[in-house]
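Accompanying notes for the structure given below.
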Amino acid sequence: MLRRGALLQTILVIVCTLGAAWLQHIGFEPLMRSENFVRDAIARCGRKTPPNPQLVYMAIDNDSVSIDASADLAGLFDLKTAEPDSIRALELMSKGWPWSRAVHGLILQRLMQAGAKTVIFDLTFPTATANDPEFRAMLDRYRDRVVLGCNFVRAAATGYASNAPTLSVPTDSLIPQTNPIDDRVGFVNYWPDADDIVRSAQFAVTFEQVNGEFAATSDSERYLSLTARAAIKAGFADAVAKETASHFFRYTGGPLTFRPHSIFEIFVPEYWERNYASGNFFRDKIVMVGAFGNWQHDEHRTTFGLMPGPELQLNALNALLHHEFIRELPHVNDLEFIVLGGLISWALWLFIQTPWLRFCAMLGVSAAWLMAAVELFNHAGIYILAFTPLMVVNFNSGIALLYEVVLERRESTRVRGTLERYVSRNVVRELLDHPQDYTRALGGVLKPVTILFSDIRNFTLVSARLDPHGLVTQLNEYFTSMVDCVFAHRGTLDKFIGDAVMAVWGNATSHGAEADAADALHAALAMREKLRALNVKWKSEGRPQLEIGIALNHGDVVVGNIGSQQRMEFTVIGSPVNITWRLQELTKRHTTDLLIGESAADLLCYAFALHPVTTFQPDPAASAVKVFTVADSAVGAT
């Protein structure tokens, strides 16, 4: 049997699932950003690429560019034993940034003589200087082991000028411009995703791709990246991808995973010997020379936060050497995952009816999906769609939960309203709002209560004068008014006995014996006033007028759920109940329509002006008790 709202819920699942699939298909930016956020979280907590010990980061840092020109260089080392090239390099560095190109030549020479396998300059040298020949000589000497950077730049469009990209290459005075480009040059660019975060690298690219075109012509030149050139020169040509596609790579970690070493230290004998084992540290290493620190403004937003450009290059190169790339599944698989999310949410709603269990199942499905995504990232190198399917699961399930909460609230309101037509409101409140307390009272509890009986005088004669429909209509109007008076003064409607009304105070909830008795008397007086108003109305309508007798009494009774297995009734039993009924019968023999038993009068005498009417003997074995009444004008403050 289908559950309530099955068609509506099924339609909701279908609409939400198709909507999510369409947004995924068109690349809806907020959805893509959310998906990337989840991917970044997976990358941060997932497996990292182990750092290759061959990779070294020599940093042009603040210490290197801020050597004071007026400082005594002899303070750094012994001038008598220092190598001339080291003294010259530090002297040139001390003249401030940008350094003479001769410094870069001396750096390259120093590292190569120490046995470095490849030296990478994450720097571009677009303009000629007077000191280029010295650096060029080193570049030519070590041409098979050195790489310089070039940069695709896009000038701002002005007037009719195009903003097509151009390639800023090293100046002719360092490396001649050839076609194809010299193999000592590689582009340094990383193209971030729409949220400006770098997650992938391109190791080869064409001008058409940089310009935003989808396809390259057959004669388009392929430009290799800085890291691809370095890998080839270091003997890892087979690791370089031949295609020009973008590759998601597995990061080694956050900033400073590759510890930067100050470049000036290689020219200080003490550091050279202590930190670099007189150059043996660089043997067979791939050395990255680049800026470090905010002085160069070469930082990129990555999955692991801001990262210096050279360290980003090292992360990509490290992934290339280890072949640690992450692939995306085809687009059709993404759509299949979204549909699977919709089916899961529909199954959760269909087969798990308890809301809190379904909520736990939602959390379980989300956790399992994310764990699967992490495992596939760690061991298979695959990104699976995570955010969008889970959004479908949780959105559909959340809407279903909300829908059922609304239905339950509506049902509870309906049940409460229905019950209040048959049971007193305070009993309904206790039953629905405090079921455990109510249940504990069902076994029978002795309580002091105040009881009210009211009965229509000469009802047989009245009923004979009316047709059945008119009789029922008038009785319903009468009972509605009387019950309103009981409820308005915190009473419980116990039952209707023919044309009589029985109400109780203190059975379900009690406000104290005196307050309960006062509420009962206020209700009785209100019933008297309401009947007067009804009689005026009925007289004008040509209907018979009614008279009632009301009695109040107080005493200890048994409160409980009484009846049979088929039908039970929350009521009170005991001698005070019987006495109250007999007091109500006494109103037929006295001129007053309201009688109050002595036990109730003892509670009311301090707040109301009571008048004795007669004495009453409940049964032959009992002592006579006094009976009181209260006039309308004799009501005092409670």
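In the structure tokens, the first chain shown is A, the next is B, and so on; residue numbers restart at 1 for each chain, and ligands run from 1 in the order shown.
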
Between region 251-335 of chain A and region 375-378 of chain A, at 10 Å or less, what are the per-residue closest atom pairs and their distances in Å? Count only C-alpha atoms, order by chain and rising residue number, and return it as CSV.
```
residue,atom,partner,partner_atom,distance
A:Phe325,CA,A:Phe377,CA,9.9
A:Ile326,CA,A:Phe377,CA,7.3
A:Arg327,CA,A:Phe377,CA,9.1
```

Write the residues of the selection above to a file with all heavy atoms, as a PDB file, in the first residue's frame.
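The new file selection.pdb reads:
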```pdb
ATOM      1  N   PHE A 325      47.957  11.878 -11.018  1.00  0.00           N
ATOM      2  CA  PHE A 325      46.920  12.739 -11.575  1.00  0.00           C
ATOM      3  C   PHE A 325      45.548  12.200 -11.200  1.00  0.00           C
ATOM      4  O   PHE A 325      45.366  10.996 -10.970  1.00  0.00           O
ATOM      5  CB  PHE A 325      47.059  12.843 -13.090  1.00  0.00           C
ATOM      6  CG  PHE A 325      48.352  13.476 -13.519  1.00  0.00           C
ATOM      7  CD1 PHE A 325      49.374  12.718 -14.062  1.00  0.00           C
ATOM      8  CD2 PHE A 325      48.543  14.830 -13.348  1.00  0.00           C
ATOM      9  CE1 PHE A 325      50.567  13.298 -14.444  1.00  0.00           C
ATOM     10  CE2 PHE A 325      49.735  15.435 -13.725  1.00  0.00           C
ATOM     11  CZ  PHE A 325      50.756  14.666 -14.273  1.00  0.00           C
ATOM     12  N   ILE A 326      44.601  13.104 -11.131  1.00  0.00           N
ATOM     13  CA  ILE A 326      43.225  12.751 -10.773  1.00  0.00           C
ATOM     14  C   ILE A 326      42.366  12.957 -12.013  1.00  0.00           C
ATOM     15  O   ILE A 326      42.413  14.026 -12.636  1.00  0.00           O
ATOM     16  CB  ILE A 326      42.691  13.625  -9.625  1.00  0.00           C
ATOM     17  CG1 ILE A 326      43.724  13.730  -8.498  1.00  0.00           C
ATOM     18  CG2 ILE A 326      41.366  13.080  -9.108  1.00  0.00           C
ATOM     19  CD1 ILE A 326      44.074  12.422  -7.851  1.00  0.00           C
ATOM     20  N   ARG A 327      41.616  11.944 -12.365  1.00  0.00           N
ATOM     21  CA  ARG A 327      40.765  12.076 -13.546  1.00  0.00           C
ATOM     22  C   ARG A 327      39.298  12.193 -13.148  1.00  0.00           C
ATOM     23  O   ARG A 327      38.870  11.669 -12.115  1.00  0.00           O
ATOM     24  CB  ARG A 327      40.961  10.895 -14.505  1.00  0.00           C
ATOM     25  CG  ARG A 327      40.567   9.552 -13.948  1.00  0.00           C
ATOM     26  CD  ARG A 327      40.968   8.430 -14.902  1.00  0.00           C
ATOM     27  NE  ARG A 327      40.639   7.122 -14.382  1.00  0.00           N
ATOM     28  CZ  ARG A 327      39.490   6.502 -14.588  1.00  0.00           C
ATOM     29  NH1 ARG A 327      38.543   7.090 -15.329  1.00  0.00           N
ATOM     30  NH2 ARG A 327      39.254   5.311 -14.082  1.00  0.00           N
TER      31      ARG A 327
END
```

- as a PyMOL selection string, which residues of region 489-598 of chain A does DSSP assign to alpha helix (DSSP H)? chain A and resi 513-540+575-586+598

- Within 7 Å of region 531-535 of chain A, counting only C-alpha atoms, which residues qualify if same-chain residues fewer than 3 places away don't, as JSON, numbers by chain? {"A": [527, 528, 538, 539, 545, 546]}

- Which polymer residues have any atom within 8 Å of an atom of Ala500 (chain A), counting only C-alpha atoms, with same-chain residues fewer than 3 positions away left out, as a PyMOL selection string? chain A and resi 453-456+496-497

With C-alpha atoms kept, could you save the residues just selected as a PDB file, in the first residue's frame?
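New file again_17.pdb:
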```pdb
ATOM      1  CA  PHE A 453     -24.078  18.455  37.930  1.00  0.00           C
ATOM      2  CA  SER A 454     -26.644  20.422  35.947  1.00  0.00           C
ATOM      3  CA  ASP A 455     -29.972  19.064  34.735  1.00  0.00           C
ATOM      4  CA  ILE A 456     -32.866  20.449  32.716  1.00  0.00           C
ATOM      5  CA  PHE A 496     -23.498  13.989  29.267  1.00  0.00           C
ATOM      6  CA  ILE A 497     -26.129  11.936  31.080  1.00  0.00           C
TER       7      ILE A 497
END
```

- Message: At a cut-off of 9 Å, using only C-alpha atoms, what residues contact Thr592 (chain A)? Leave out same-chain residues fewer than 5 positions from it and give the result as a ChimeraX atom specification.
- Response: /A:549,587,613,629,631

Only N, CA, C and O atoms, please: the residues just picked out, written as an mmCIF file, in the first residue's frame.
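Done, and the output landed in again17.cif:
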```
data_model
loop_
_atom_site.group_PDB
_atom_site.id
_atom_site.type_symbol
_atom_site.label_atom_id
_atom_site.label_comp_id
_atom_site.auth_asym_id
_atom_site.auth_seq_id
_atom_site.Cartn_x
_atom_site.Cartn_y
_atom_site.Cartn_z
ATOM 1 N N GLY A 549 -31.257 22.938 37.096
ATOM 2 C CA GLY A 549 -30.803 22.885 38.472
ATOM 3 C C GLY A 549 -29.340 22.510 38.481
ATOM 4 O O GLY A 549 -28.905 21.627 37.744
ATOM 5 N N THR A 587 -32.695 20.543 43.951
ATOM 6 C CA THR A 587 -33.080 21.844 43.400
ATOM 7 C C THR A 587 -34.527 21.827 42.901
ATOM 8 O O THR A 587 -35.152 22.878 42.746
ATOM 9 N N VAL A 613 -29.425 26.839 52.997
ATOM 10 C CA VAL A 613 -30.753 26.577 52.423
ATOM 11 C C VAL A 613 -31.482 25.494 53.218
ATOM 12 O O VAL A 613 -32.634 25.637 53.602
ATOM 13 N N THR A 629 -26.451 28.031 49.158
ATOM 14 C CA THR A 629 -26.580 28.601 47.814
ATOM 15 C C THR A 629 -25.888 29.934 47.804
ATOM 16 O O THR A 629 -25.448 30.456 48.844
ATOM 17 N N ALA A 631 -26.322 33.847 45.901
ATOM 18 C CA ALA A 631 -27.107 34.708 45.021
ATOM 19 C C ALA A 631 -26.191 35.320 43.967
ATOM 20 O O ALA A 631 -24.977 35.425 44.151
#
```

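The two atoms in question, CA of Leu401 (chain A) and CA of Pro355 (chain A), are spaced 6.5 Å apart.
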
- Within 9 Å of region 576-582 of chain A using only C-alpha atoms, minus same-chain residues under 2 positions, as a list in words: Val449, Thr450, Ile451, Leu452, Phe453, Ser454, Ala551, Leu552, Asn553, His554, Gly555, Asp556, Val557, Val572, Ile573, Gly574, Gln584, Glu585, Leu586, Ile596, Gly597 and Pro618 of chain A

Produce a file of the selected residues containing C-alpha atoms, as a PDB file, in the first residue's frame.
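As written to disk, result.pdb reads:
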```
ATOM      1  CA  VAL A 449     -12.118  17.194  43.276  1.00  0.00           C
ATOM      2  CA  THR A 450     -15.078  19.510  42.886  1.00  0.00           C
ATOM      3  CA  ILE A 451     -18.033  18.070  40.962  1.00  0.00           C
ATOM      4  CA  LEU A 452     -20.795  19.913  39.126  1.00  0.00           C
ATOM      5  CA  PHE A 453     -24.078  18.455  37.930  1.00  0.00           C
ATOM      6  CA  SER A 454     -26.644  20.422  35.947  1.00  0.00           C
ATOM      7  CA  ALA A 551     -25.294  21.374  42.270  1.00  0.00           C
ATOM      8  CA  LEU A 552     -21.677  21.563  43.465  1.00  0.00           C
ATOM      9  CA  ASN A 553     -19.886  19.303  45.877  1.00  0.00           C
ATOM     10  CA  HIS A 554     -16.287  18.572  46.892  1.00  0.00           C
ATOM     11  CA  GLY A 555     -14.637  15.386  48.128  1.00  0.00           C
ATOM     12  CA  ASP A 556     -12.124  12.614  47.544  1.00  0.00           C
ATOM     13  CA  VAL A 557     -12.935  10.423  44.552  1.00  0.00           C
ATOM     14  CA  VAL A 572     -14.476   9.911  38.606  1.00  0.00           C
ATOM     15  CA  ILE A 573     -16.362   7.599  40.981  1.00  0.00           C
ATOM     16  CA  GLY A 574     -17.088   7.764  44.664  1.00  0.00           C
ATOM     17  CA  GLN A 584     -28.952  18.505  42.001  1.00  0.00           C
ATOM     18  CA  GLU A 585     -32.205  16.589  42.473  1.00  0.00           C
ATOM     19  CA  LEU A 586     -32.907  18.726  45.582  1.00  0.00           C
ATOM     20  CA  ILE A 596     -23.676  23.781  47.194  1.00  0.00           C
ATOM     21  CA  GLY A 597     -22.678  20.916  49.470  1.00  0.00           C
ATOM     22  CA  PRO A 618     -26.926  11.543  52.077  1.00  0.00           C
TER      23      PRO A 618
END
```

- Give me every strand (DSSP E) residue in region 369-597 of chain A, going by DSSP on the backbone, as a VMD selection string. chain A and resid 382 to 383 445 to 456 492 to 497 500 to 505 548 to 563 568 to 573 594 to 597

- Message: One decimal, in Å: what's the spacing between CA of Met138 (chain A) and CA of Ala89 (chain A)?
- Response: 14.4 Å

- Message: Which residues are close to Ser366 (chain A), i.e. within 10 Å by only C-alpha atoms, leaving aside same-chain residues fewer than 3 positions away? Reply as a ChimeraX atom specification.
- Response: /A:360-363,369-372,386-387,389-391,393-394

Residues just named, written with C-alpha atoms as a PDB file, in the first residue's frame:
```pdb
ATOM      1  CA  CYS A 360      19.977   9.047  10.513  1.00  0.00           C
ATOM      2  CA  ALA A 361      19.827   7.202   7.181  1.00  0.00           C
ATOM      3  CA  MET A 362      20.350  10.515   5.362  1.00  0.00           C
ATOM      4  CA  LEU A 363      23.468  11.141   7.449  1.00  0.00           C
ATOM      5  CA  TRP A 369      29.139   8.660  -0.260  1.00  0.00           C
ATOM      6  CA  LEU A 370      31.880  10.978   0.990  1.00  0.00           C
ATOM      7  CA  MET A 371      33.936   8.029   2.246  1.00  0.00           C
ATOM      8  CA  ALA A 372      33.602   6.399  -1.171  1.00  0.00           C
ATOM      9  CA  ALA A 386      29.803  14.359  -4.504  1.00  0.00           C
ATOM     10  CA  PHE A 387      28.003  17.582  -3.719  1.00  0.00           C
ATOM     11  CA  PRO A 389      24.006  13.882  -5.640  1.00  0.00           C
ATOM     12  CA  LEU A 390      24.099  14.486  -1.886  1.00  0.00           C
ATOM     13  CA  MET A 391      22.232  17.742  -2.386  1.00  0.00           C
ATOM     14  CA  VAL A 393      19.420  13.116  -1.467  1.00  0.00           C
ATOM     15  CA  ASN A 394      19.273  15.564   1.411  1.00  0.00           C
TER      16      ASN A 394
END
```

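Atom to atom, CA of Thr10 (chain A) and CA of Leu350 (chain A) stand 9.6 Å apart.
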
Near region 258-278 of chain A, 10 Å: region 299-358 of chain A residue rows, closest pairs, only C-alpha atoms, as JSON lines:
```
{"residue": "A:Pro310", "atom": "CA", "partner": "A:Pro260", "partner_atom": "CA", "distance": 9.7}
{"residue": "A:Glu311", "atom": "CA", "partner": "A:Phe258", "partner_atom": "CA", "distance": 6.7}
{"residue": "A:Leu312", "atom": "CA", "partner": "A:Phe258", "partner_atom": "CA", "distance": 9.7}
{"residue": "A:Leu314", "atom": "CA", "partner": "A:Phe258", "partner_atom": "CA", "distance": 7.7}
{"residue": "A:Asn315", "atom": "CA", "partner": "A:Phe258", "partner_atom": "CA", "distance": 8.5}
```

Selection to disk with all heavy atoms, as a short mmCIF file (atom, residue, chain, number, x, y, z; two decimals), in the first residue's frame:
```cif
data_model
loop_
_atom_site.label_atom_id
_atom_site.label_comp_id
_atom_site.auth_asym_id
_atom_site.auth_seq_id
_atom_site.Cartn_x
_atom_site.Cartn_y
_atom_site.Cartn_z
N PRO A 310 56.81 29.29 -7.46
CA PRO A 310 57.76 28.18 -7.61
C PRO A 310 57.30 26.91 -6.88
O PRO A 310 57.53 25.80 -7.36
CB PRO A 310 59.05 28.74 -6.99
CG PRO A 310 58.92 30.22 -7.15
CD PRO A 310 57.46 30.51 -6.97
N GLU A 311 56.67 27.06 -5.73
CA GLU A 311 56.21 25.87 -5.02
C GLU A 311 55.05 25.22 -5.75
O GLU A 311 54.91 23.99 -5.75
CB GLU A 311 55.81 26.21 -3.58
CG GLU A 311 55.54 24.97 -2.76
CD GLU A 311 55.49 25.23 -1.28
OE1 GLU A 311 55.44 26.40 -0.87
OE2 GLU A 311 55.48 24.24 -0.52
N LEU A 312 54.21 26.02 -6.39
CA LEU A 312 53.15 25.45 -7.23
C LEU A 312 53.78 24.67 -8.38
O LEU A 312 53.33 23.56 -8.72
CB LEU A 312 52.25 26.57 -7.75
CG LEU A 312 51.14 26.16 -8.71
CD1 LEU A 312 50.20 25.14 -8.06
CD2 LEU A 312 50.35 27.39 -9.18
N LEU A 314 56.62 23.20 -8.32
CA LEU A 314 57.20 21.99 -7.74
C LEU A 314 56.12 20.95 -7.45
O LEU A 314 56.34 19.75 -7.63
CB LEU A 314 57.97 22.32 -6.47
CG LEU A 314 59.32 23.03 -6.66
CD1 LEU A 314 59.87 23.54 -5.34
CD2 LEU A 314 60.32 22.09 -7.32
N ASN A 315 54.95 21.39 -7.00
CA ASN A 315 53.84 20.45 -6.77
C ASN A 315 53.43 19.78 -8.08
O ASN A 315 53.20 18.57 -8.12
CB ASN A 315 52.65 21.19 -6.15
CG ASN A 315 52.68 21.19 -4.64
OD1 ASN A 315 52.13 20.30 -3.99
ND2 ASN A 315 53.33 22.19 -4.07
#
```

- Rank A:Asn396, A:Val483, A:Arg414, A:Leu385 by their smallest atom-to-atom distance to Asp334 (chain A), using only C-alpha atoms, and report the top residue only. A:Leu385

Check which residues of region 282-337 of chain A sit at most 9 Å from region 24-44 of chain A using only C-alpha atoms, and return one row each with the closest pair of atoms and their distance in Å to one decimal, ordered by chain and rising number, as JSON lines.
```
{"residue": "A:Thr302", "atom": "CA", "partner": "A:Asp40", "partner_atom": "CA", "distance": 9.0}
{"residue": "A:Thr303", "atom": "CA", "partner": "A:Asp40", "partner_atom": "CA", "distance": 5.4}
{"residue": "A:Phe304", "atom": "CA", "partner": "A:Arg44", "partner_atom": "CA", "distance": 6.9}
{"residue": "A:His331", "atom": "CA", "partner": "A:His25", "partner_atom": "CA", "distance": 7.9}
{"residue": "A:Asp334", "atom": "CA", "partner": "A:Gln24", "partner_atom": "CA", "distance": 8.2}
{"residue": "A:Leu335", "atom": "CA", "partner": "A:Gln24", "partner_atom": "CA", "distance": 7.8}
```

Output N, CA, C and O atoms for every residue in the selection just made, as a PDB file, in the first residue's frame.
```pdb
ATOM      1  N   THR A 302      45.328  28.091  -4.195  1.00  0.00           N
ATOM      2  CA  THR A 302      45.284  26.663  -4.478  1.00  0.00           C
ATOM      3  C   THR A 302      44.344  25.974  -3.488  1.00  0.00           C
ATOM      4  O   THR A 302      43.803  26.600  -2.582  1.00  0.00           O
ATOM      5  N   THR A 303      44.198  24.673  -3.683  1.00  0.00           N
ATOM      6  CA  THR A 303      43.393  23.863  -2.773  1.00  0.00           C
ATOM      7  C   THR A 303      43.889  23.985  -1.345  1.00  0.00           C
ATOM      8  O   THR A 303      43.102  23.881  -0.391  1.00  0.00           O
ATOM      9  N   PHE A 304      45.171  24.225  -1.170  1.00  0.00           N
ATOM     10  CA  PHE A 304      45.778  24.301   0.158  1.00  0.00           C
ATOM     11  C   PHE A 304      46.070  25.738   0.582  1.00  0.00           C
ATOM     12  O   PHE A 304      46.857  25.957   1.503  1.00  0.00           O
ATOM     13  N   HIS A 331      30.886  12.925 -18.316  1.00  0.00           N
ATOM     14  CA  HIS A 331      29.736  13.719 -17.888  1.00  0.00           C
ATOM     15  C   HIS A 331      28.493  12.860 -17.683  1.00  0.00           C
ATOM     16  O   HIS A 331      27.681  13.117 -16.791  1.00  0.00           O
ATOM     17  N   ASP A 334      28.275  11.586 -14.239  1.00  0.00           N
ATOM     18  CA  ASP A 334      27.787  12.586 -13.282  1.00  0.00           C
ATOM     19  C   ASP A 334      26.264  12.594 -13.247  1.00  0.00           C
ATOM     20  O   ASP A 334      25.655  12.645 -12.171  1.00  0.00           O
ATOM     21  N   LEU A 335      25.656  12.548 -14.422  1.00  0.00           N
ATOM     22  CA  LEU A 335      24.194  12.540 -14.485  1.00  0.00           C
ATOM     23  C   LEU A 335      23.636  11.266 -13.856  1.00  0.00           C
ATOM     24  O   LEU A 335      22.595  11.298 -13.178  1.00  0.00           O
TER      25      LEU A 335
END
```
